[in-house]
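J.: I am sharing input07.csv, which consists of CSV, C-alpha atoms and all ligand atoms:
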```
chain,number,residue,atom,x,y,z
A,1,MET,CA,121.4,116.6,110.8
A,2,TYR,CA,119.2,118.4,113.4
A,3,GLN,CA,117.6,117.4,116.6
A,4,ILE,CA,114.7,119.1,118.3
A,5,ARG,CA,115.3,120.2,121.8
A,6,ALA,CA,113.3,122.2,124.3
A,7,TYR,CA,114.1,124.8,126.8
A,8,ASN,CA,111.7,125.9,129.6
A,9,ILE,CA,111.4,129.2,131.3
A,10,LYS,CA,109.0,129.9,134.2
A,11,HIS,CA,107.0,133.1,133.7
A,12,ASN,CA,104.8,135.2,136.0
A,13,TYR,CA,102.0,136.2,133.5
A,14,ASN,CA,98.5,135.4,134.5
A,15,LEU,CA,97.3,133.5,131.5
A,16,LYS,CA,94.5,131.6,133.0
A,17,GLU,CA,91.7,133.4,131.2
A,18,PHE,CA,93.4,133.3,127.9
A,19,LEU,CA,94.4,129.7,128.1
A,20,GLU,CA,90.9,128.7,129.2
A,21,ALA,CA,89.4,130.7,126.3
A,22,TYR,CA,91.8,128.9,123.9
A,23,ARG,CA,90.9,125.5,125.4
A,24,LEU,CA,87.2,126.2,124.8
A,25,LEU,CA,88.1,127.4,121.3
A,26,ILE,CA,89.7,124.0,120.4
A,27,GLN,CA,86.8,122.2,122.0
A,28,ARG,CA,84.3,124.2,119.9
A,29,ALA,CA,86.3,123.4,116.8
A,30,ILE,CA,86.2,119.7,117.7
A,31,ASP,CA,82.4,120.0,118.4
A,32,GLU,CA,81.8,121.5,115.0
A,33,ILE,CA,83.9,119.0,113.1
A,34,TRP,CA,82.5,116.1,115.1
A,35,ASN,CA,78.9,117.1,114.2
A,36,ARG,CA,79.9,116.9,110.5
A,37,ILE,CA,81.5,113.4,110.7
A,38,GLU,CA,80.0,111.0,108.4
A,39,TRP,CA,79.7,107.4,109.8
A,40,ILE,CA,79.9,104.7,107.2
A,41,GLU,CA,79.6,101.0,107.4
A,42,LYS,CA,82.6,98.9,106.3
A,43,PHE,CA,83.6,95.3,106.5
A,44,ASN,CA,87.0,94.5,107.8
A,45,ARG,CA,89.2,91.6,106.7
A,46,GLU,CA,87.5,89.2,109.1
A,47,GLY,CA,84.2,90.1,107.6
A,48,ARG,CA,83.1,92.0,110.7
A,49,LYS,CA,80.9,95.1,110.2
A,50,ARG,CA,82.4,98.3,111.5
A,51,ILE,CA,81.3,101.9,111.5
A,52,ILE,CA,84.0,104.1,110.3
A,53,PRO,CA,84.1,107.9,110.7
A,54,ILE,CA,84.8,110.2,107.7
A,55,ILE,CA,86.1,113.5,108.9
A,56,LEU,CA,85.2,116.5,106.7
A,57,LYS,CA,88.4,118.1,105.5
A,58,ASP,CA,86.9,120.3,102.8
A,59,GLY,CA,89.0,123.5,102.5
A,60,CYS,CA,86.0,125.8,102.3
A,61,PHE,CA,84.6,124.5,105.6
A,62,LYS,CA,88.0,124.5,107.3
A,63,HIS,CA,89.3,127.9,106.2
A,64,HIS,CA,86.0,129.9,105.9
A,65,GLU,CA,82.9,128.4,107.5
A,66,LEU,CA,84.6,127.0,110.6
A,67,ARG,CA,87.1,129.8,110.9
A,68,ASN,CA,84.4,132.5,110.7
A,69,MET,CA,82.3,130.6,113.2
A,70,LEU,CA,85.1,130.5,115.7
A,71,LEU,CA,86.1,134.2,115.1
A,72,ILE,CA,82.7,135.3,116.5
A,73,ASN,CA,83.3,136.7,120.0
A,74,TRP,CA,87.0,135.8,119.8
A,75,GLU,CA,88.8,138.8,121.3
A,76,TYR,CA,92.3,137.6,121.1
A,77,SER,CA,94.6,137.6,118.1
A,78,LYS,CA,93.2,135.9,115.0
A,79,HIS,CA,96.0,133.5,114.4
A,80,TYR,CA,95.0,131.5,117.5
A,81,VAL,CA,91.8,130.5,115.7
A,82,ASP,CA,93.9,129.0,112.9
A,83,SER,CA,96.1,127.2,115.5
A,84,ALA,CA,93.0,125.9,117.2
A,85,ILE,CA,91.6,124.5,114.0
A,86,LYS,CA,94.9,122.8,113.3
A,87,GLN,CA,95.0,121.3,116.7
A,88,ALA,CA,91.4,120.2,116.6
A,89,TYR,CA,92.0,118.3,113.4
A,90,SER,CA,95.2,116.7,114.7
A,91,LEU,CA,93.4,115.6,117.9
A,92,LEU,CA,90.5,114.1,115.9
A,93,LYS,CA,92.9,112.4,113.5
A,94,SER,CA,94.7,110.7,116.3
A,95,TRP,CA,91.4,109.8,117.9
A,96,ARG,CA,90.3,108.3,114.6
A,97,ARG,CA,93.5,106.3,114.2
A,98,ASN,CA,93.0,104.8,117.7
A,99,TYR,CA,89.3,104.2,117.1
A,100,ILE,CA,90.0,102.2,114.0
A,101,LYS,CA,92.5,100.2,115.9
A,102,GLY,CA,89.8,99.5,118.5
A,103,GLU,CA,91.6,101.4,121.3
A,104,ARG,CA,89.1,104.3,121.6
A,105,SER,CA,85.4,104.4,121.8
A,106,ARG,CA,83.0,106.3,119.7
A,107,ARG,CA,83.1,109.3,122.0
A,108,LYS,CA,84.0,112.8,121.2
A,109,PRO,CA,87.5,113.8,122.4
A,110,VAL,CA,87.5,116.3,125.2
A,111,VAL,CA,90.3,118.9,125.5
A,112,LYS,CA,91.5,119.0,129.1
A,113,LYS,CA,94.9,120.6,129.2
A,114,ARG,CA,95.4,124.3,128.9
A,115,PHE,CA,98.2,125.2,126.6
A,116,VAL,CA,98.9,127.0,123.3
A,117,ARG,CA,101.2,126.1,120.6
A,118,ILE,CA,102.7,129.2,118.8
A,119,LYS,CA,104.3,128.6,115.4
A,120,GLU,CA,107.6,130.2,114.7
A,121,THR,CA,106.0,132.6,112.2
A,122,LEU,CA,103.6,134.0,114.8
A,123,TYR,CA,106.0,135.4,117.3
A,124,SER,CA,108.9,137.8,116.9
A,125,TYR,CA,112.4,137.4,118.2
A,126,LYS,CA,114.8,140.4,118.3
A,127,ASP,CA,117.8,141.2,120.4
A,128,GLY,CA,117.2,138.3,122.8
A,129,VAL,CA,113.6,139.2,123.3
A,130,ILE,CA,110.6,137.0,122.3
A,131,LYS,CA,107.4,138.9,121.8
A,132,VAL,CA,104.1,137.1,121.6
A,133,SER,CA,100.9,138.9,120.7
A,134,ILE,CA,97.8,138.0,122.7
A,135,LYS,CA,95.4,140.8,121.7
A,136,PRO,CA,96.3,142.8,118.6
A,137,HIS,CA,97.9,146.2,119.4
A,138,GLU,CA,96.9,145.8,123.0
A,139,GLU,CA,98.4,142.8,124.9
A,140,TYR,CA,101.8,141.3,124.4
A,141,LEU,CA,103.9,138.9,126.3
A,142,ILE,CA,107.6,139.7,126.5
A,143,PHE,CA,110.2,137.1,127.4
A,144,ASP,CA,113.9,138.1,127.8
A,145,ILE,CA,115.9,135.1,126.9
A,146,SER,CA,119.2,137.0,126.1
A,147,LYS,CA,121.0,135.1,128.9
A,148,ALA,CA,119.6,131.7,128.1
A,149,TRP,CA,122.4,129.1,127.7
A,150,PHE,CA,120.6,127.3,124.9
A,151,LEU,CA,121.0,130.2,122.4
A,152,SER,CA,124.6,129.2,121.6
A,153,ARG,CA,123.3,125.7,120.8
A,154,ALA,CA,120.3,126.7,118.8
A,155,LYS,CA,122.2,126.9,115.6
A,156,GLY,CA,119.3,125.6,113.6
A,157,GLY,CA,117.0,128.4,114.9
A,158,MET,CA,114.1,128.5,117.2
A,159,GLY,CA,110.9,126.7,116.5
A,160,GLU,CA,107.4,126.4,118.0
A,161,LEU,CA,106.6,127.9,121.4
A,162,ILE,CA,104.4,126.1,123.9
A,163,LEU,CA,102.8,128.3,126.4
A,164,ASN,CA,101.0,127.1,129.6
A,165,GLU,CA,100.1,128.7,132.9
A,166,ASN,CA,103.5,128.6,134.4
A,167,TYR,CA,106.0,127.9,131.6
A,168,LEU,CA,107.1,128.9,128.2
A,169,THR,CA,108.7,126.1,126.3
A,170,ILE,CA,110.9,127.1,123.5
A,171,THR,CA,111.8,124.4,121.0
A,172,TYR,CA,114.9,124.8,119.0
A,173,ARG,CA,116.8,122.9,116.4
A,174,ARG,CA,120.3,121.7,117.4
A,175,ARG,CA,122.8,120.6,114.9
A,176,VAL,CA,124.3,117.2,115.7
A,177,LYS,CA,127.5,116.3,114.2
A,178,GLY,CA,127.3,113.1,112.2
A,179,LYS,CA,130.1,111.4,114.1
A,180,PRO,CA,131.0,108.0,112.7
A,181,ILE,CA,129.6,105.1,114.7
A,182,ASN,CA,131.7,102.3,116.3
A,183,GLY,CA,129.1,99.6,115.8
A,184,LYS,CA,125.6,98.6,116.0
A,185,ILE,CA,123.7,97.0,118.8
A,186,ALA,CA,120.3,95.4,118.3
A,187,TRP,CA,118.0,95.2,121.3
A,188,ASP,CA,115.3,92.7,121.9
A,189,SER,CA,112.8,94.0,124.5
A,190,ASN,CA,111.5,91.6,127.1
A,191,GLU,CA,109.4,92.0,130.2
A,192,LYS,CA,112.3,91.5,132.5
A,193,SER,CA,115.3,92.1,130.4
A,194,LEU,CA,116.7,93.9,127.4
A,195,ASP,CA,118.9,91.6,125.3
A,196,GLY,CA,121.4,93.2,123.0
A,197,PHE,CA,123.7,91.8,120.4
A,198,ASN,CA,126.8,93.1,118.7
A,199,PRO,CA,129.3,90.6,117.2
A,200,LYS,CA,132.3,92.3,118.9
A,201,ILE,CA,130.7,92.8,122.3
A,202,GLY,CA,128.5,89.7,122.3
A,203,TRP,CA,125.3,89.2,124.2
A,204,ILE,CA,124.4,92.0,126.5
A,205,LYS,CA,121.7,91.2,129.0
A,206,VAL,CA,120.3,94.2,130.8
A,207,ASP,CA,118.4,93.1,133.9
A,208,LEU,CA,115.0,94.9,134.2
A,209,THR,CA,113.7,93.0,137.2
A,210,ASN,CA,113.9,96.1,139.4
A,211,LEU,CA,111.8,98.0,137.0
A,212,PHE,CA,109.3,95.2,137.0
A,213,HIS,CA,109.3,95.3,140.8
A,214,ILE,CA,108.5,99.0,140.9
A,215,HIS,CA,105.3,98.3,139.0
A,216,ARG,CA,104.5,95.3,141.1
A,217,VAL,CA,104.9,97.2,144.3
A,218,TYR,CA,102.4,99.8,143.2
A,219,GLU,CA,100.0,97.2,141.8
A,220,LEU,CA,99.9,95.6,145.2
A,221,LYS,CA,99.5,99.0,147.0
A,222,ARG,CA,96.5,99.8,144.7
A,223,LYS,CA,94.9,96.5,145.3
A,224,ARG,CA,95.3,96.8,149.1
A,225,LEU,CA,93.8,100.3,149.0
A,226,GLN,CA,90.8,99.3,146.8
A,227,THR,CA,89.7,96.4,149.1
A,228,ARG,CA,90.2,98.4,152.2
A,229,ALA,CA,88.4,101.6,151.3
A,230,SER,CA,86.4,101.1,148.2
A,231,LYS,CA,83.8,103.8,149.0
A,232,LYS,CA,86.0,106.6,150.2
A,233,PRO,CA,85.9,109.6,147.9
A,234,SER,CA,89.6,110.4,148.7
A,235,LEU,CA,90.6,107.1,147.2
A,236,LYS,CA,90.8,108.5,143.7
A,237,ALA,CA,93.2,111.1,144.8
A,238,ILE,CA,95.5,108.6,146.5
A,239,LEU,CA,95.4,106.3,143.5
A,240,ARG,CA,96.3,109.2,141.3
A,241,ARG,CA,99.2,110.0,143.6
A,242,TYR,CA,100.4,106.4,143.4
A,243,SER,CA,100.3,106.4,139.6
A,244,LYS,CA,102.3,109.5,139.5
A,245,ARG,CA,104.9,108.1,141.9
A,246,GLU,CA,105.0,104.8,140.0
A,247,ARG,CA,105.6,106.7,136.8
A,248,ASN,CA,108.3,108.9,138.3
A,249,ARG,CA,110.2,106.0,139.9
A,250,ALA,CA,110.1,104.0,136.6
A,251,LYS,CA,111.2,107.1,134.7
A,252,ASP,CA,114.1,107.6,137.1
A,253,PHE,CA,115.2,104.0,136.7
A,254,VAL,CA,115.1,104.3,132.9
A,255,HIS,CA,116.9,107.6,133.0
A,256,LYS,CA,119.8,106.1,135.0
A,257,LEU,CA,119.8,102.9,132.9
A,258,THR,CA,119.9,104.7,129.5
A,259,ALA,CA,122.6,107.1,130.7
A,260,GLN,CA,124.7,104.0,131.6
A,261,LEU,CA,124.0,102.3,128.3
A,262,ALA,CA,124.7,105.4,126.3
A,263,LYS,CA,128.0,105.9,128.2
A,264,GLN,CA,129.1,102.3,128.1
A,265,PHE,CA,128.3,101.8,124.4
A,266,ARG,CA,129.2,105.3,123.3
A,267,ARG,CA,129.0,106.0,119.5
A,268,HIS,CA,127.0,102.9,118.9
A,269,LEU,CA,123.8,102.9,116.9
A,270,HIS,CA,121.1,101.2,118.9
A,271,GLY,CA,118.4,99.3,117.2
A,272,PHE,CA,115.0,98.9,118.8
A,273,GLU,CA,111.8,97.2,117.7
A,274,ASP,CA,109.0,99.3,116.3
A,275,LEU,CA,106.4,98.9,119.1
A,276,ARG,CA,103.5,99.9,117.0
A,277,LYS,CA,104.2,97.1,114.6
A,278,GLU,CA,104.8,94.7,117.5
A,279,GLU,CA,101.2,95.3,118.4
A,280,MET,CA,100.1,93.9,115.2
A,281,PHE,CA,101.9,90.7,115.7
A,282,ASN,CA,101.1,90.3,119.3
A,283,LYS,CA,97.7,91.5,120.5
A,284,SER,CA,98.3,90.8,124.1
A,285,LYS,CA,95.8,92.0,126.7
A,286,ASN,CA,98.2,91.0,129.5
A,287,HIS,CA,98.6,93.9,132.0
A,288,ASN,CA,102.3,93.3,132.7
A,289,ARG,CA,103.0,93.3,129.0
A,290,LYS,CA,101.2,96.6,128.6
A,291,VAL,CA,103.2,98.1,131.5
A,292,ALA,CA,106.4,96.8,130.0
A,293,LYS,CA,105.5,98.3,126.6
A,294,SER,CA,105.1,101.7,128.1
A,295,ASP,CA,108.5,101.3,129.7
A,296,TRP,CA,110.1,100.3,126.4
A,297,LYS,CA,108.7,103.4,124.9
A,298,VAL,CA,110.4,105.5,127.6
A,299,ILE,CA,113.6,103.6,127.1
A,300,GLN,CA,113.6,104.2,123.4
A,301,ALA,CA,112.7,107.9,123.8
A,302,PHE,CA,115.5,108.4,126.4
A,303,MET,CA,118.0,106.5,124.3
A,304,ASP,CA,117.1,108.6,121.3
A,305,TYR,CA,117.9,111.6,123.4
A,306,LYS,CA,121.2,110.3,124.7
A,307,SER,CA,122.5,108.3,121.8
A,308,ARG,CA,121.5,107.3,118.3
A,309,ILE,CA,118.7,104.9,117.6
A,310,GLU,CA,117.3,103.1,114.6
A,311,ILE,CA,113.7,101.6,114.6
A,312,LEU,CA,113.5,98.0,113.5
A,313,ASN,CA,110.7,95.8,112.2
A,314,PRO,CA,110.0,93.1,114.8
A,315,LYS,CA,108.4,90.7,112.4
A,316,ASN,CA,109.6,87.2,112.8
A,317,SER,CA,112.6,88.2,114.9
A,318,THR,CA,111.6,85.6,117.6
A,319,LYS,CA,110.6,82.9,115.1
A,320,ARG,CA,113.4,82.9,112.6
A,321,CYS,CA,116.5,80.9,113.2
A,322,SER,CA,119.4,83.3,113.2
A,323,ARG,CA,121.7,80.6,111.8
A,324,CYS,CA,119.8,79.0,109.0
A,325,GLY,CA,116.7,81.3,108.5
A,326,MET,CA,114.1,78.6,109.2
A,327,MET,CA,110.9,79.5,111.0
A,328,ASN,CA,110.3,77.7,114.3
A,329,ALA,CA,107.8,78.5,117.1
A,330,PRO,CA,110.0,78.9,120.2
A,331,LYS,CA,108.8,77.2,123.3
A,332,GLY,CA,110.1,78.3,126.6
A,333,ALA,CA,113.4,80.1,127.1
A,334,LEU,CA,115.3,78.0,124.6
A,335,TYR,CA,115.2,78.4,120.9
A,336,LYS,CA,115.8,75.1,119.0
A,337,CYS,CA,116.2,74.6,115.3
A,338,LYS,CA,116.5,71.5,113.1
A,339,CYS,CA,119.9,72.8,111.9
A,340,GLY,CA,121.2,72.1,115.4
A,341,LEU,CA,121.1,75.5,116.9
A,342,ARG,CA,120.2,75.7,120.6
A,343,MET,CA,120.1,79.2,121.8
A,344,ASP,CA,118.5,81.5,124.3
A,345,ARG,CA,115.4,82.7,122.5
A,346,GLN,CA,116.1,86.4,123.3
A,347,LEU,CA,119.6,86.2,122.0
A,348,ASN,CA,118.3,84.6,118.9
A,349,ALA,CA,115.9,87.5,118.4
A,350,ALA,CA,118.6,90.0,119.1
A,351,ILE,CA,120.9,88.4,116.5
A,352,ASN,CA,118.0,88.5,114.0
A,353,LEU,CA,117.4,92.2,114.7
A,354,TYR,CA,121.2,92.8,114.3
A,355,LEU,CA,121.1,91.1,110.9
A,356,GLN,CA,118.3,93.5,110.0
A,357,MET,CA,120.3,96.5,111.0
A,358,GLU,CA,123.1,95.3,108.7
A,359,GLY,CA,120.7,94.4,105.9
A,360,LEU,CA,121.8,90.8,106.0
A,361,SER,CA,119.9,87.5,105.8
A,362,PRO,CA,120.8,84.6,108.1
A,363,SER,CA,123.2,81.9,106.8
A,364,PRO,CA,125.3,79.3,108.7
A,365,LYS,CA,128.5,80.9,107.3
A,366,LEU,CA,127.5,84.4,108.3
A,367,PHE,CA,126.5,83.0,111.7
A,368,GLN,CA,129.9,81.5,112.2
A,369,GLY,CA,131.5,84.8,111.3
A,370,LEU,CA,129.4,86.7,113.8
A,371,MET,CA,130.3,84.3,116.6
A,372,ARG,CA,134.1,84.2,115.7
A,373,GLY,CA,135.2,87.2,117.7
A,374,TRP,CA,133.2,86.2,120.7
A,375,SER,CA,134.0,82.8,122.1
A,376,GLY,CA,133.9,81.2,125.6
A,377,PHE,CA,130.3,81.8,126.3
A,378,THR,CA,127.2,79.6,126.3
A,379,LEU,CA,124.4,80.5,123.9
A,380,THR,CA,121.8,79.5,126.3
A,381,GLY,CA,123.0,81.5,129.3
A,382,GLU,CA,123.8,78.3,131.2
A,383,GLU,CA,127.3,77.3,132.3
A,384,ALA,CA,129.0,75.7,129.4
A,385,ASP,CA,128.5,71.9,129.3
A,386,GLU,CA,131.1,69.9,127.5
A,387,GLY,CA,128.6,67.3,126.6
A,388,PHE,CA,126.6,69.6,124.4
A,389,ASP,CA,127.5,70.4,120.8
A,390,GLU,CA,126.9,74.0,121.2
A,391,LEU,CA,129.0,77.1,121.0
A,392,ALA,CA,130.1,78.0,124.4
A,393,ARG,CA,128.9,81.6,125.2
A,394,SER,CA,127.1,83.4,127.9
A,395,PRO,CA,125.9,86.9,128.3
A,396,ARG,CA,127.7,90.0,129.5
A,397,LEU,CA,125.4,91.0,132.3
A,398,MET,CA,124.3,94.6,133.0
A,399,ASN,CA,122.6,94.7,136.3
A,400,SER,CA,120.6,97.9,136.3
A,401,LYS,CA,120.3,97.8,140.1
A,402,SER,CA,123.7,99.4,140.3
A,403,TYR,CA,123.7,100.5,136.7
A,404,VAL,CA,127.1,99.0,136.2
A,405,CYS,CA,128.4,96.1,134.2
A,406,LEU,CA,128.8,93.5,137.0
A,407,ARG,CA,130.5,90.5,135.7
A,408,ARG,CA,131.0,88.0,133.0
A,409,LEU,CA,130.0,84.5,133.8
A,410,ARG,CA,133.2,83.2,132.1
A,411,ASN,CA,136.1,85.1,130.6
A,412,PRO,CA,136.2,85.0,126.9
A,413,GLU,CA,139.1,83.1,125.5
A,414,PRO,CA,141.7,85.2,123.7
A,501,ZN,ZN,118.3,76.8,112.0
```
Could you quickly redo this structure as C-alpha cells?
Ligand SMILES: [Zn+2]
T.:
Amino acid sequence: MYQIRAYNIKHNYNLKEFLEAYRLLIQRAIDEIWNRIEWIEKFNREGRKRIIPIILKDGCFKHHELRNMLLINWEYSKHYVDSAIKQAYSLLKSWRRNYIKGERSRRKPVVKKRFVRIKETLYSYKDGVIKVSIKPHEEYLIFDISKAWFLSRAKGGMGELILNENYLTITYRRRVKGKPINGKIAWDSNEKSLDGFNPKIGWIKVDLTNLFHIHRVYELKRKRLQTRASKKPSLKAILRRYSKRERNRAKDFVHKLTAQLAKQFRRHLHGFEDLRKEEMFNKSKNHNRKVAKSDWKVIQAFMDYKSRIEILNPKNSTKRCSRCGMMNAPKGALYKCKCGLRMDRQLNAAINLYLQMEGLSPSPKLFQGLMRGWSGFTLTGEEADEGFDELARSPRLMNSKSYVCLRRLRNPEP
C-alpha cells in the first residue's frame, strides 16, 4: 500500500513571467473549450427544466486544433501546452459537476493561482538533482535535493512536481506497512461533537464546542465590522485577514485534536461519513452547518494523514434503530424506538455506522453482544436512573479543550 506525501523546498528562481504565461495559457484553453460548449435543455426528476453544458472532448480538437492554437507564440517547452489542456479540462469538469449540483453559476471559470504541475515523465532526476526544462535547450531549473530527508522514505518513487513562485513541491509515494488493526471506531459527525463507537471502548464523545466558538467569535467580529464601516475600502482586506485567521485557528484546533485521537486510538480504523453523500440527504442552507461541514472535511483529511480511515455511507444512520433495524424519525437528542430502545441519537447513529463498518445488520441479539463488554453507562448520556429500563451507560468524554481524555461519568463495572 502506498500513500502520497509532499515535500516542499523554497527556491530563488524568478518564475513570475513563466508562471503568468502559463496561467494565461490555461485560461486561453478554458476560453476555447468554453466557446465550444453545447448547452442543451433537460428535465430533471422533479420535472424542472435545466440547461446542461456538454463539453467537447473530441480527440481531434483536444490534441490537434486546440493544441496548435495554444502553441502559437508559446516560447516555453511544448509539454506545458499539454499540461495546460489537461488542467483546463479538469477545471471545467469540476465546474460542470458543481454547476449541475446547483453550486456554481453559468459563468466561465477564471484561473487565478499561478502554479504549474509537472508530471513525473517531464522532469529528470539523477544523482540527487531534479532538472526541469522551461525553454528547450535554453532554460532549465535545477534543484539539488540530495540532502532531503524524504528520499529515504520515498520508496515508491517521486511523482508530480508542483511549482509556484516560491516553492517546489515534490510529491512522492511512501510505502505504508499494512499493520493489523486493533479495532474499528465509527464516528458520527455533529456540529458540536464527534460521537464515536467501538464495542470495547464504548461511546466516545469528542467535544467540539471550542471549534464552534472559534467560528462564532469571527462571525461576530465580521458583523461588528460590517455595521461600523460598511463603506470603507479597507474593509475587504480586514475581512480577508479575519477569514484567514479563522481558518488557521480552526485548523490548529483540528490538528491537535486529530493528533490526540490518532494517538489514543492507535491502530484503529476510523470510519467517517461520506460528506458528499450526506449532502444528498440533507440539503441544509444553515450557515453553521456549512461551517461544521468544512471542519469535518479537515478532520477527515487530517485523520487520513495520521491514521487509517474508511469512508461510510451516511444513509439512514440517524433514522435506523441500531437494535432492531426499524426506521424512526428521531426528535430531539433522544432516539426512541418501539422495541424499547432509548438512546442518545448520536450514539445510535455511531452504532449504525459501526455495524456498516463490520458489514452487519442490526438485530437485538447482536446489539446485546455489542453492549456486553461495556456496562455501567447510560445510553442517553444522563446519570443512570434506576427507574428506567435502559442499559446503563454513558460516554467516555474527550474534551478537546485540553485534548486529553478527561473523565468517565461513572466507572464501568468489571
Ligand atoms: Zn428498535
J.: So that I can see what lies close to Ser146 of chain A, please list as a ChimeraX atom specification the residues with an atom at most 12 Å from it, counting only C-alpha atoms and leaving out residues fewer than 6 positions away in the same chain.
T.: /A:125-130,152
J.: So which residues touch Leu341 of chain A within 9 Å, counting only C-alpha atoms, skipping near sequence neighbours fewer than 3 positions away, as a list of chain:residue names?
T.: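 So, after excluding close chain neighbours, the residues are A:Cys321, A:Ser322, A:Arg323, A:Cys324, A:Tyr335, A:Lys336, A:Cys337, A:Lys338, A:Glu390.
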J.: Just want the 12 Å neighbourhood of Lys16 of chain A, counted on all atoms listed in the file, with same-chain residues fewer than 4 positions away dropped. Output as a list in words.
T.: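 Contacts, in chain order: Asn12, Glu20, Ala21, Tyr22, Arg23, Lys113, Arg114, Phe115, Val116, Leu163, Asn164, Glu165 and Asn166 of chain A.
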J.: In Å, with one decimal, what is the gap from atom CA of Gly340 of chain A to atom CA of Gln368 of chain A?
T.: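 Computing the Euclidean distance for atom CA of Gly340 of chain A and atom CA of Gln368 of chain A yields 13.2 Å.
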J.: Could you pull the residues within 7 Å of segment 194-201 of chain A, counting all atoms listed in the file, minus those fewer than 2 positions along the same chain, as a PDB file with C-alpha atoms, in the coordinates of the input?
T.:
```pdb
ATOM      1  CA  LYS A 184     125.600  98.600 116.000  1.00  0.00           C
ATOM      2  CA  ILE A 185     123.700  97.000 118.800  1.00  0.00           C
ATOM      3  CA  ALA A 186     120.300  95.400 118.300  1.00  0.00           C
ATOM      4  CA  TRP A 187     118.000  95.200 121.300  1.00  0.00           C
ATOM      5  CA  ASP A 188     115.300  92.700 121.900  1.00  0.00           C
ATOM      6  CA  SER A 189     112.800  94.000 124.500  1.00  0.00           C
ATOM      7  CA  ASN A 190     111.500  91.600 127.100  1.00  0.00           C
ATOM      8  CA  TRP A 203     125.300  89.200 124.200  1.00  0.00           C
ATOM      9  CA  ILE A 204     124.400  92.000 126.500  1.00  0.00           C
ATOM     10  CA  LYS A 205     121.700  91.200 129.000  1.00  0.00           C
ATOM     11  CA  VAL A 206     120.300  94.200 130.800  1.00  0.00           C
ATOM     12  CA  ASP A 207     118.400  93.100 133.900  1.00  0.00           C
ATOM     13  CA  GLN A 346     116.100  86.400 123.300  1.00  0.00           C
ATOM     14  CA  LEU A 347     119.600  86.200 122.000  1.00  0.00           C
ATOM     15  CA  ALA A 350     118.600  90.000 119.100  1.00  0.00           C
ATOM     16  CA  ILE A 351     120.900  88.400 116.500  1.00  0.00           C
ATOM     17  CA  TYR A 354     121.200  92.800 114.300  1.00  0.00           C
ATOM     18  CA  LEU A 370     129.400  86.700 113.800  1.00  0.00           C
ATOM     19  CA  MET A 371     130.300  84.300 116.600  1.00  0.00           C
ATOM     20  CA  GLY A 373     135.200  87.200 117.700  1.00  0.00           C
ATOM     21  CA  TRP A 374     133.200  86.200 120.700  1.00  0.00           C
TER      22      TRP A 374
END
```
J.: Which residues are close to Leu151 of chain A, i.e. within 10 Å by all atoms listed in the file, leaving aside same-chain residues fewer than 4 positions away? Reply as a list in words.
T.: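 Once the adjacent positions are removed, what remains is Tyr7, Gly128, Ile145, Ser146, Lys147, Lys155, Gly157, Met158, Tyr172 and Arg174 of chain A.
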J.: When you draw a straight line from atom CA of Asn313 of chain A to atom CA of Gly325 of chain A, how long is it in Å?
T.: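 For atom CA of Asn313 of chain A relative to atom CA of Gly325 of chain A, the distance reads 16.1 Å.
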J.: Tell me which of A:Phe253, A:Phe367, A:Phe61, A:Trp34 sits closest to ligand ZN 501 (chain A), counting only C-alpha atoms and all ligand atoms.
T.: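 Smallest separation from ligand ZN 501 (chain A) among the options: A:Phe367.
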J.: So how many Å separate atom CA of Ala349 of chain A and atom CA of Thr318 of chain A, to one decimal?
T.: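 Between these atoms lies a distance of 4.8 Å.
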J.: Which residue is closest to ligand ZN 501 (chain A)? Choose from A:Ala333, A:Leu355, A:Met327, A:Ala262 and count only C-alpha atoms and all ligand atoms.
T.: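 Answer, going by the shortest atom-to-atom distance: A:Met327.
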J.: Which one is closest to ligand ZN 501 (chain A): A:Val111, A:Leu220, A:Met357, A:Ala329? Count only C-alpha atoms and all ligand atoms.
T.: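 Looking only at the distances to ligand ZN 501 (chain A), the closest residue turns out to be A:Ala329.
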J.: At most 9 Å from (112.1, 97.7, 134.4), file frame, all atoms listed in the file: which residues, as a list in words?
T.: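 Checked against the point, the hits come out as Glu191, Lys192, Ser193, Asp207, Leu208, Thr209, Asn210, Leu211, Phe212, His213, Ile214, His215, Ala250, Phe253, Val254, Ala292, Asp295, Trp296 and Ser400 of chain A.
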